Structures are given as structure tokens and as C-alpha cells.
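Data first, discussion second: the structure below is written as C-alpha cells.
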Amino acid sequence: MARRNLDLGGFKLGVLHLDDEAGGAKNNDDLVSVLVFNVGSEVFAVKVDHTEGVVDCPGISPLPGAPAGIVGVTSVRGRITIVMDLSFGRIGDGRRRLILLRGEAQLGLLAGRIEGVVALKPDLVTKKAADGRRTLDGDCCFDYEGKQVPIVDPEKLTGL
Amino acid sequence: MIEDKALLNEYLSESEVLLDTLLADLDALSRQTSIQGPEGRGADKSGANLVNRVFRSVHSLKGLSGMMGLIEVQSVAHEFEDILDEVRMGRLVIDGEVAAALQAAGAALAALVGGEASGQAAVEDFDRFRELLSSIAAGRSRGGAHARAADAIGLSERDQGLLTEYEQHRINVNLEAGRHFYSLAVQFKISEVESRYHPLSAAIDDVGELLTSLPAATSDRDAVSFKLIFATPFKDAEVRKSLEHPGRLERLKPSTWRRAGKALKSVGRIQRKQESGPASAGVAPPLPAGFAQESLQPVSRSVRVELSQIDDLSGLAHELAIETQRLTAMADRFMTRTGCSPREHFDLKQSARRVEREFVELEERLVELRMVSLAQTFTRAGQLAARLARRLGKSVSIDLSGRTTQVDKMIVDRIADPVHHILRNAIDHGIETPAERRRAGKPARGQVRIEARIEGTRAIISVEDDGKGIDPEQVRRRVLEIGAMDADDQLSAEETLRLIFQPGFSTVGEVSPVSGRGVGLDAVEMAICDLGGEIRVQSEKGKGARFELAVPTTLQMISAVIVRIGDWRYAVNVGQIVELLSIEPSDIVTSAGRRQIVWRGASIPVVHLGRVLFPERQLGAYREQGRLPAFVTRVSERPVACEVCRFEGQREIVVKSLGSLGGKFKGVVGAVDLEGGEVALVIDLPSLIMRRVFRV
């Protein structure tokens with residue numbers, strides 16, 4: 001599988017191409033690149049185009065009256081960022097990263113480990129089956145190492 | 001002419017944006033006409049959109065000029081609007097010459113705007129502009145039946161009655177172009193209309209032209225239904241594939257189109273090509289020398305900058321100031337270790353302080369860039385009041401004072417609606433009719449005064465009238481009716497007046513066409529509190545009422561007291577602190593479940609700020625030994641003591657936004673970076689305490 005390098009705001013990653021054919025040259029414009037990350041024991045993904053970068057998470061100040069999923073606020077490169085935890089508190093201790101999302105909502109996603117970037121053919125992205133759980137992620141997912149990984153939709157996050 | 005310099009600059013700045021768009025669109029229209037020809041432009045949706053944009057620009061310019069008292073500009077803009085309406089309705093076809101004449105008219109209007117605003121435009125200039133417009137209008141086709149095209153696509157009589165003339169025209173144009181017509185019936189929950197309608201109309205725009213949205217009946221009280229009628233050149237299968245939507249998609253009577261098309265032709269469709277021939281020879285006389293000369297020179301000497309760009313620069317300046325502090329500390333340690341001379345040490349510190357001061361000054365200057373005057377708001381308020389008074393048959397004189405008061409742009413934007421609401425109430429419910437006023441021994445003409453002034457770090461905007469005032473007895477009766485107090489509650493006159501801010505309050509028995517039910521003062525108060533301000537009211541029955549909005553002049557840079565609550569620090573606007581206290585724990589008395597202390601001879605409630613911020617946490621988590629640091633704040637003019645863990649000094653801070661979601665976190669107006677990378681939330685005390693303590 002072809003690997004390329006991607007720089008996410010200073011955080012460098014190799015890009016893994018996932019498709020249904022082995023090898024061969026790919027037209028990168030057709031592919032959807034997603035950043036795969038762990039939050040506790042759960043795995044999520046977010047489109048690379050929706051991100052501004054990945055940083056080590058600075059200290060977080062709690063926000064009074066914030067809904068579940070919002071941990072608090074922090075400051076990254078001078079910009080106040082609202083920190084969200086997609087696992088609703090199950091992220092655990094240990095080193096934490098912050099995935100900065102583009103947009104006026106100034107959101108950042110708390111992450112444990114960054115797995116990497118996966119380039120997908122669009123037809124590998126499917127609709128998630130509804131399982132009645134309350135989630136902050138979006139309606140789409142893809143198959144990654146035998147698991148259905150939900151792709152976070154920043155628009156849905158802002159509807160909290 | 002606009003004499004007020006600040007107002008003139010604002011007018012020129014806003015009109016320049018409109019004129020730039022207008023001229024660019026006229027240019028695009030001219031190019032499109034030369035590529036497609038006049039017939040092609042009509043059927044082309046992008047051409048129709050361009051004409052609509054040009055129309056809107058002139059319309060907006062007309063409104064803006066009227067607001068500024070530039071009546072001549074308003075008048076010629078209105079005439080220009082009429083010409084453009086003829087174009088929209090297909091009664092004036094744009095060929096190359098007409099397009100050129102419209103461009104000349106746009107340029108001439110731009111010259112007139114600048115000239116009139118600075119008092120340099122002559123009457124002859126306006127007369128020449130009118131001549132130009134007349135020559136364009138001469139190309140307009142006259143008479144001819146405007147066939148009922150809506151019949152041809154099978155719309156019901158009811159739906160046809162809802163179409164505007166312009167929509168009928170667009171249906172006609174699309175019929176002539178041989179397009180297919182569809183109706184998409186949709187239903188949305190009321191809360192989802194905004195978020196779902198726009199993507200759907202954009203999807204329709206991708207396949208064709210959305211002609212109209214017609215209301216449809218629904219039995220669901222929480223939903224709205226409508227039919228989207230659109231025309232498309234695509235075939236059925238492609239349309240259905242492109243518009244994947246749960247609504248019902250229906251093609252509209254295809255066989256009728258051809259009959260309609262023939263019928264339209266048979267009733268003598270206006271053959272604009274022939275008619276426009278002779279008229280076009282008279283179009284667009286050259287502008288005479290000396291006419292308010294066109295120029296490439298912009299009319300405005302200002303630059304429009306997004307607020308976010310100023311915020312970014314402020315943030316950068318703040319970061320630089322903080323980094324300078326860190327560098328200074330590092331250099332200090334380095335110099336001590338390397339044994340530099342006292343003189344070198346002193347020079348370093350002096351330089352660092354100077355750089356830091358300059359960054360702070362840069363921050364302050366950038367904050368000042370956000371300041372705008374209240375002139376436009378006041379002018380609009382004055383015009384609104386005059387219009388309302390005329391509509392209600394009341395005679396009112398409006399007195400405006402303090403128009404040049406400078407306030408942060410965001411605050412100006414956010415107080416506009418509250419001021420509007422209070423003014424509307426003053427005219428509708430406050431000022432009496434002339435007959436009523438004469439009976440009361442007052443002059444027939446009522447007075448409304450709108451004033452702005454600066455008091456320290458706050459701007460005070462007041463709306464005062466000499467009407468009938470607020471009747472405390474009526475207020476009391478109404479509040480008892482809505483169950484917001486008990487019959488034996490004893491309230492002072494001031495407290496009774498404040499009851500008008502209760503949700504659901506209104507003393508007005510009927511719905512007024514002007515100010516509805518009179519409800520909404522609770523929303524007004526909330527809007528002002530969200531800004532970190534407060535609203536005060538004074539009234540005397542029979543004599544009048546006065547509402548005062550006290551708002552910060554800026555949300556960007558404030559003087560704040562930093563307090564510690566547990567592990568975290570918070571910033572409180574100095575303007576919200578009445579007095580700092582140091583309370584002996586034994587001075588706190590608990591009565592009926594409420595903690596109180598005596599302050600200035602009166603019992604006031606005491607709350608711990610930690611419990612207000614995070615009610616779920618235990619008080620013991622914050623308790624410290626010895627005397628308790630606290631401060632007194634006012635919540636709707638009621639003093640409340642707020643206990644904290646520690647005071648950590650006062651400083652000037654730059655408040656950073658929490659982004660587009662910031663408004664969801666009530667009681668928090670922003671955040672500030674502190675040394676060590678910590679973020680302190682900037683809290684709005686009255687709002688926080690009101691929500692968490694008094695309105696739970």
C-alpha cells in the first residue's frame with residue numbers, strides 16, 4: 001500500500017491508502033482522507049479537511065453549565081478552544097492530544113492516541129446503523145481493521 | 001450634505017460597498033449580454049440573479065441615503081430602481097446599448113453619492129442623471145398582455161393568486177425556454193426550517209431555477225409545509241437523482257406547456273427586438289462635461305476590516321506581550337548566572353518593560369478600532385419613532401443626544417434590538433394621543449428623548465418619554481394574575497417596577513399591531529445582561545418613564561479582578577464589583593436556608609462563587625481558613641455578596657471570544673490567557689447569579 005506524508009499543522013503523519021485493490025497508482029483527488037484516533041477504548045475518525053492541526057493538549061479550564069461531552073476550554077496558539085470528549089469522560093489518564101477543528105466554533109477534540117491518516121475511496125464510507133446510543137459524531141463510518149469507525153461531523157458537534 | 005464627520009464616513013464606507021457591488025454586477029451583465037444577446041440573458045438564471053442583485057444594491061443605497069437625509073440621492077435611486085424593475089419584469093430588454101447606459105448610470109450614481117454627501121453635487125447634476133434614466137426608459141416596451149403563465153403549468157387558482165408579478169414573469173421566461181416544471185412538497189419541523197430549507201433550495205438551484213415557495217396546509221402544529229416550484233432543463237430521472245429528498249416531487253402538466261407556449265405566442269407576445277430598435281437609438285447620451293465626474297477614486301477614505309481580523313491582531317499583540325514577560329524572566333536568570341553588570345541588568349529590564357508597554361498599547365489601539373459611534377443607531381431610532389408615531393396617530397417630537405458616543409461595534413449591533421423594543425413600547429404604550437394629552441393638561445405633542453453618555457467603562461443609553469408612565473397598581477395586579485408573586489408580598493416601588501421584566505408579563509389587554517402584546521422586556525433584560533450590562537427603569541404614573549441600558553463600552557479590553565476558586569482562576573469585570581470585603585465566618589447568618597450578612601446596615605444574600613459556577617460541587621471543596629474574601633455585586637440593583645477563595649490582583653485584560661458557540665455558555669463572556677498558559681474564564685456576574693440563584 002502506498003504511503004505518503006501529511007503535515008497536520010506541525011504534526012507529521014504517514015497516510016495509509018485503504019481501497020479494494022492492492023497497489024496501483026491512485027488519483028488523490030478522488031480519495032477522502034480521515035484522521036483516525038482513539039478516545040479511551042473507542043476509535044473515531046475525522047476528515048483531514050476539517051482539521052487545522054494536532055497538538056499536545058494544554059491544561060483545560062472547566063466550563064460551568066457545559067453539556068456532557070464538553071470538557072472545558074484551553075488556549076492553543078492564542079486562540080481559545082472548546083475541548084470536546086467524544087467518550088463522555090472515558091478517555092482515561094495518560095498523554096492526551098487535541099485535534100483542532102476548522103471553523104468559527106473553535107472546537108478541539110480530545111484524543112488519546114493518534115492512529116494515523118487513512119485515505120479512502122468515497123464508496124467505502126457508509127451510513128452508520130442507528131444503535132440508540134447518544135453520540136456527538138456524525139452519520140457516516142468506514143471499516144477499519146475490522147471495526148466500524150464513525151466519522152465525526154463537525155456540523156453535528158456544533159448542534160449541542 | 002452630511003455635516004457630522006463620523007456619520008459621513010460611515011455613509012461613504014457603507015455606500016462604497018454597495019456601489020462596488022453594483023458596478024461589478026452591471027459590468028458582468030454587460031459582458032453576459034454581449035455573449036448571449038438579449039434573448040439569451042432573459043432565460044438564463046444567472047442573468048436574472050444579476051439583475052436582482054443590481055436591483056437590491058440600488059434599493060439598499062436608496063434606503064441608506066434616505067436614512068442619512070440625502071433626499072435627492074434617494075429620489076434618483078428610486079427612479080433607477082424603477083428602470084431596473086422594468087428589466088426584471090422583462091418589459092425592458094437589455095441589449096448592448098442599454099447595458100452600457102446602465103453602467104453609465106451606475107457610475108453617475110456613484111459620483112452623485114460622493115458629491116451629495118460632501119455637499120458638492122449641483123441640482124444640474126441630478127437633472128442630467130434623470131435625463132440619462134429617461135433615455136434608458138424610452139426603450140421600455142409598452143402595453144401587451146402578460147399572459148397567465150401559471151395557468152400553463154397547472155397551478156391551482158389559489159397558488160396562482162400567491163405569485164408575485166416577478167414570479168409570473170420568471171415562469172413565462174422558463175416556459176419560453178422550454179424548461180420542465182416541478183413541484184416539490186416538503187414539510188419541516190419549525191425548529192429545522194432554517195437548517196433544512198437553505199440546503200434544499202441550493203440543491204434545486206444546482207439543477208434549475210427555484211421560482212417560488214408556496215405555503216401548504218399541515219395538521220402538524222410544530223411543522224410548516226410548502227411547495228417549491230422550480231424549472232429545470234434536465235430530464236426527470238436526473239432531477240429525481242439530484243434531489244434526494246423525502247418530499248413529494250411531482251412534474252407539472254407537461255402537455256399544457258406546449259399549448260401555453262403557442263397561446264402566448266398567439267396573443268401577440270411583445271416582439272421586443274422590433275420595438276427596441278427605434279428606441280435604442282436614443283439611449284445613453286454621453287455624459288456632458290462638468291457632470292458630477294466619474295472617477296476611479298474611491299468615494300471613501302476608510303478601509304473595511306472584519307472584526308475577526310482585529311481580534312486576531314489583538315490576540316497576537318497579547319501573545320507578544322506575554323512572551324516578552326517570559327523572555328525577560330529568562331534573560332534575568334541568564335544574566336544573574338553569567339554575572340552581568342548591574343547596568344546591563346538595568347538596561348535589559350528597561351528595554352523589556354518598554355517593549356511590553358508598547359505591545360499593551362498596540363492591544364489598546366486595536367481595541368479602539370472596534371469602536372463605532374451610535375450615530376447610525378440613533379438616526380434609525382429617530383426615524384422609526386417618527387414612523388411609529390404617524391402610524392398610531394400620535395404627535396411626538398424625538399430628541400437625540402450623544403450620537404457620537406463610541407462603543408464596541410458588537411455592542412452597538414446587540415443593543416439595537418433592545419433599544420428598538422423600548423422605543424416601540426414608549427410610543428405605543430407610553431405616549432398618549434393628542435386628545436388624551438390635552439385632557440391631562442399636557443402639550444398635545446409628546447416627547448421622547450434618546451440619549452447616550454459614557455460613565456467610566458460603561459455607556460448609558462436612555463430612552464425617556466413624557467407619557468402616562470407605568471402604573472404600579474396595574475403592574476401588581478398583572479403579576480398576581482400570572483402568579484409571579486403572592487398577594488401578601490410587600491414590595492417597594494422600585495421592586496414593583498422591576499416586575500415588568502418578568503417573563504410573560506404584559507399589562508396590555510389587546511395585541512397591538514405595533515408592539516404585539518407588550519411582552520418581551522424579559523428578553524430585553526436578558527440581552528443586556530448577556531453583554532455584561534444591566535437595565536434600569538424609573539417611572540411616575542401620569543408623568544412618563546425612563547429606561548436606562550448600562551452596557552460596557554467594549555467587551556474586548558477590560559479592567560478585571562482575578563479571583564481563585566479552587567484550582568481555577570476567573571476574571572470579573574471591575575465594573576461589576578461594588579466593594580471588596582473580608583468576611584468573618586461568624587458574620588454569616590443562615591435564615592430560611594439562605595446565607596446572609598449585614599452590609600451597609602442591610603441584610604444581603606451571600607453566595608459562594610464556586611457553587612454558582614458549579615452547583616454540583618460540595619462547598620467544602622472550596623472552604624479555606626480564616627476570613628473569607630468576597631465582593632459585593634449588584635444583580636438587578638440588588639446587592640449580593642460573592643465569596644471566593646482568594647483575590648489575585650487586578651489587571652487590564654483582553655477578553656477573547658469563545659467562538660460561535662460562546663453564546664451557549666450563559667454567564668461566560670469570554671476567556672483570557674494568563675501567565676503559565678492557564679486560561680481564566682471571564683464571567684458575567686449578574687447574569688450568572690440571576691440564572692443560578694434567583695431564577696432557578
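A note on labels: chains of the C-alpha cells are A, B, ... as shown, every chain counts residues from 1, and ligands are counted from 1 in their shown order.
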| Counting only C-alpha atoms, which residues of chain A come no farther than 10 Å from chain B, as a list of chain:residue names? | A:Pro58, A:Gly59, A:Ile60, A:Ser61, A:Pro62, A:Leu63, A:Pro64, A:Gly65, A:Ala66, A:Pro67, A:Val73, A:Thr74, A:Ser75, A:Val76, A:Arg77, A:Gly78, A:Arg79, A:Ile80, A:Thr81, A:Ile82, A:Gly103, A:Glu104, A:Ala105, A:Gln106, A:Leu107, A:Thr158, A:Gly159, A:Leu160
| message | When you look at stretch 585-597 of chain B with a cut-off of 12 Å (counting only C-alpha atoms), what residues show up, excluding the ones that are within fewer than 4 positions of it in the same chain? I need them as a PyMOL selection string. | response | chain B and resi 581+601-608+623-632+639-643+693-694
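Counting only C-alpha atoms, the residue from B:Lys442, B:Arg458, B:His420, B:Arg646 that sits nearest to B:Thr554 is B:Arg458.
Atom to atom, atom CA of B:Val572 and atom CA of B:Glu652 stand 11.1 Å apart.
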